[in-house]
Amino acid sequence: MCSSKSFAFLESIWFLCLFLRSTEAQTAAAHQSIFTLDAFSFQQSCVQDCFTTGYANIDCYTDMLGSALGCPNSPCSKTWAAVDDCYCRGDLQLAGHDWLSSCIAELCTVGDNSVNLENAVSIYSSYCTDRGFTALPVQNIAETSTKKTNSASTATTANSQPGETSSSSSDSSQTTSTASSSTNKTLTIALGVACALFVIISIVAGFLFWKIRRDKKKLWLGLLKGDSEVHQDESASQVNQPSVMIGPTYPHYAVPPSALSSNRAYQSTIGPGPYFPPRH
């Protein structure tokens, strides 16, 4: 009996888990329904067309905002609207604001577009917040965004204008991406050139410093060596030494023997003395 109760309990838990997973999958796969809100229906037609557009008489609709965000959808079918998981992703909401700004500037030619943009962003953010998605803080985007003038050409039909706006937005995005890539490439090249110049200057400066230091060292060693040496062919006077003369200075020519030795009393036998003429 206990085993049957345990089996029934486990079976009920298993069915409960399946039910919860099914409910979670259905919630995650829910398609956006922002067009059903009362606040949405109060907006101008041009603002509504920036979210969704289509033909009610043939039940054909297109999710303009979802397509601008890159969310999968199938126009003119039962799954024409994007799923909330993509439609309300936190990292895509800023792109959604940009789309609404450019679309409203193109389509809305009557009234204050800053008010239209503020209302559209508020509806989009509130919709995502109510469904449990983290929405970006709603700031005064109408002031921080670039205000575009109401110089858009007169719309032929509300259905054709979203497509034209999508093309214009795509071209603008590609231009911005190209400019950003070009700027990054220019900065990379500039940094590379600056680093190369720094390395070259460092090498040249190091070489010059080493050469000057070596020359100074050679000069110092040469002075020390020159002060301590006296060559054989240098006299004492040439090296700044006092001259010490030992003994008398003799002439450099030959002296006759008679001048070195004499029996005269007034002459020295050591060396020559004063000369006296002979007496007669």
# chains A, B, ... in the order shown; residues from 1 in each chain; ligands from 1

$ select_by_dssp --residues "region 44-118 of chain A" --states "alpha helix (DSSP H)" --output "NGL selection string"
:A and (45-51 or 64-68 or 84-87 or 93-107 or 113-118)

$ write_last_selection --atoms "N, CA and C atoms" --output "short mmCIF file (atom, residue, chain, number, x, y, z; two decimals), in the first residue's frame"
data_model
loop_
_atom_site.label_atom_id
_atom_site.label_comp_id
_atom_site.auth_asym_id
_atom_site.auth_seq_id
_atom_site.Cartn_x
_atom_site.Cartn_y
_atom_site.Cartn_z
N SER A 45 -1.74 57.67 -36.02
CA SER A 45 -1.55 56.52 -36.91
C SER A 45 -0.09 56.36 -37.32
N CYS A 46 0.60 57.49 -37.49
CA CYS A 46 2.01 57.39 -37.89
C CYS A 46 2.85 56.75 -36.79
N VAL A 47 2.50 57.01 -35.53
CA VAL A 47 3.22 56.39 -34.42
C VAL A 47 2.91 54.90 -34.36
N GLN A 48 1.64 54.53 -34.55
CA GLN A 48 1.26 53.12 -34.54
C GLN A 48 1.96 52.35 -35.66
N ASP A 49 2.10 53.01 -36.82
CA ASP A 49 2.74 52.32 -37.95
C ASP A 49 4.23 52.06 -37.71
N CYS A 50 4.84 52.77 -36.76
CA CYS A 50 6.24 52.49 -36.43
C CYS A 50 6.36 51.22 -35.59
N PHE A 51 5.25 50.77 -34.98
CA PHE A 51 5.23 49.51 -34.24
C PHE A 51 4.76 48.38 -35.15
N MET A 64 6.87 45.99 -37.52
CA MET A 64 7.92 46.90 -37.96
C MET A 64 9.04 47.01 -36.93
N LEU A 65 8.68 47.20 -35.67
CA LEU A 65 9.70 47.33 -34.62
C LEU A 65 10.46 46.02 -34.43
N GLY A 66 9.72 44.89 -34.45
CA GLY A 66 10.39 43.60 -34.32
C GLY A 66 11.36 43.35 -35.45
N SER A 67 10.98 43.72 -36.67
CA SER A 67 11.89 43.54 -37.81
C SER A 67 13.12 44.44 -37.67
N ALA A 68 12.93 45.68 -37.18
CA ALA A 68 14.06 46.59 -36.98
C ALA A 68 15.03 46.06 -35.93
N ASP A 84 8.26 37.88 -27.39
CA ASP A 84 8.63 38.86 -26.38
C ASP A 84 10.09 38.73 -25.95
N ASP A 85 10.63 37.51 -25.96
CA ASP A 85 12.02 37.32 -25.54
C ASP A 85 13.00 38.13 -26.39
N CYS A 86 12.68 38.29 -27.64
CA CYS A 86 13.53 39.11 -28.52
C CYS A 86 13.05 40.56 -28.53
N TYR A 87 11.76 40.73 -28.54
CA TYR A 87 11.15 42.06 -28.65
C TYR A 87 11.51 42.95 -27.46
N GLN A 93 16.68 47.18 -26.41
CA GLN A 93 15.69 48.24 -26.21
C GLN A 93 16.21 49.61 -26.65
N LEU A 94 17.51 49.86 -26.48
CA LEU A 94 18.05 51.13 -26.94
C LEU A 94 17.96 51.23 -28.47
N ALA A 95 18.21 50.10 -29.15
CA ALA A 95 18.04 50.09 -30.60
C ALA A 95 16.58 50.33 -30.98
N GLY A 96 15.66 49.80 -30.16
CA GLY A 96 14.24 50.06 -30.40
C GLY A 96 13.90 51.54 -30.28
N HIS A 97 14.52 52.20 -29.29
CA HIS A 97 14.28 53.64 -29.13
C HIS A 97 14.80 54.41 -30.36
N ASP A 98 15.96 54.02 -30.84
CA ASP A 98 16.52 54.69 -32.02
C ASP A 98 15.61 54.51 -33.24
N TRP A 99 15.07 53.29 -33.38
CA TRP A 99 14.17 53.04 -34.50
C TRP A 99 12.92 53.91 -34.41
N LEU A 100 12.34 53.96 -33.23
CA LEU A 100 11.13 54.77 -33.05
C LEU A 100 11.42 56.24 -33.35
N SER A 101 12.60 56.72 -32.94
CA SER A 101 12.95 58.12 -33.19
C SER A 101 13.04 58.42 -34.68
N SER A 102 13.75 57.57 -35.42
CA SER A 102 13.91 57.81 -36.86
C SER A 102 12.59 57.61 -37.61
N CYS A 103 11.81 56.61 -37.21
CA CYS A 103 10.55 56.32 -37.90
C CYS A 103 9.54 57.44 -37.69
N ILE A 104 9.41 57.91 -36.45
CA ILE A 104 8.45 58.99 -36.17
C ILE A 104 8.85 60.26 -36.90
N ALA A 105 10.17 60.54 -36.97
CA ALA A 105 10.63 61.73 -37.69
C ALA A 105 10.29 61.65 -39.17
N GLU A 106 10.24 60.44 -39.72
CA GLU A 106 9.95 60.28 -41.14
C GLU A 106 8.45 60.29 -41.43
N LEU A 107 7.67 59.62 -40.57
CA LEU A 107 6.24 59.43 -40.87
C LEU A 107 5.34 60.53 -40.35
N ASN A 113 6.80 66.12 -32.71
CA ASN A 113 7.37 64.77 -32.75
C ASN A 113 8.09 64.40 -31.45
N SER A 114 8.53 65.39 -30.68
CA SER A 114 9.16 65.06 -29.40
C SER A 114 8.14 64.43 -28.46
N VAL A 115 6.88 64.89 -28.50
CA VAL A 115 5.82 64.28 -27.69
C VAL A 115 5.49 62.89 -28.21
N ASN A 116 5.41 62.74 -29.52
CA ASN A 116 5.15 61.42 -30.10
C ASN A 116 6.23 60.42 -29.71
N LEU A 117 7.48 60.86 -29.76
CA LEU A 117 8.58 59.96 -29.42
C LEU A 117 8.55 59.58 -27.95
N GLU A 118 8.28 60.55 -27.08
CA GLU A 118 8.21 60.27 -25.66
C GLU A 118 7.10 59.27 -25.35
#

$ closest_residue --among "A:Ser125, A:Ser41, A:Ala81, A:Thr183" --to "Cys60 (chain A)" --atoms "only C-alpha atoms"
A:Ala81

$ atom_distance --atom1 "CA of Asp63 (chain A)" --atom2 "CA of Pro75 (chain A)"
7.2 Å

$ atom_distance --atom1 "CA of Asn73 (chain A)" --atom2 "CA of Arg89 (chain A)"
15.5 Å
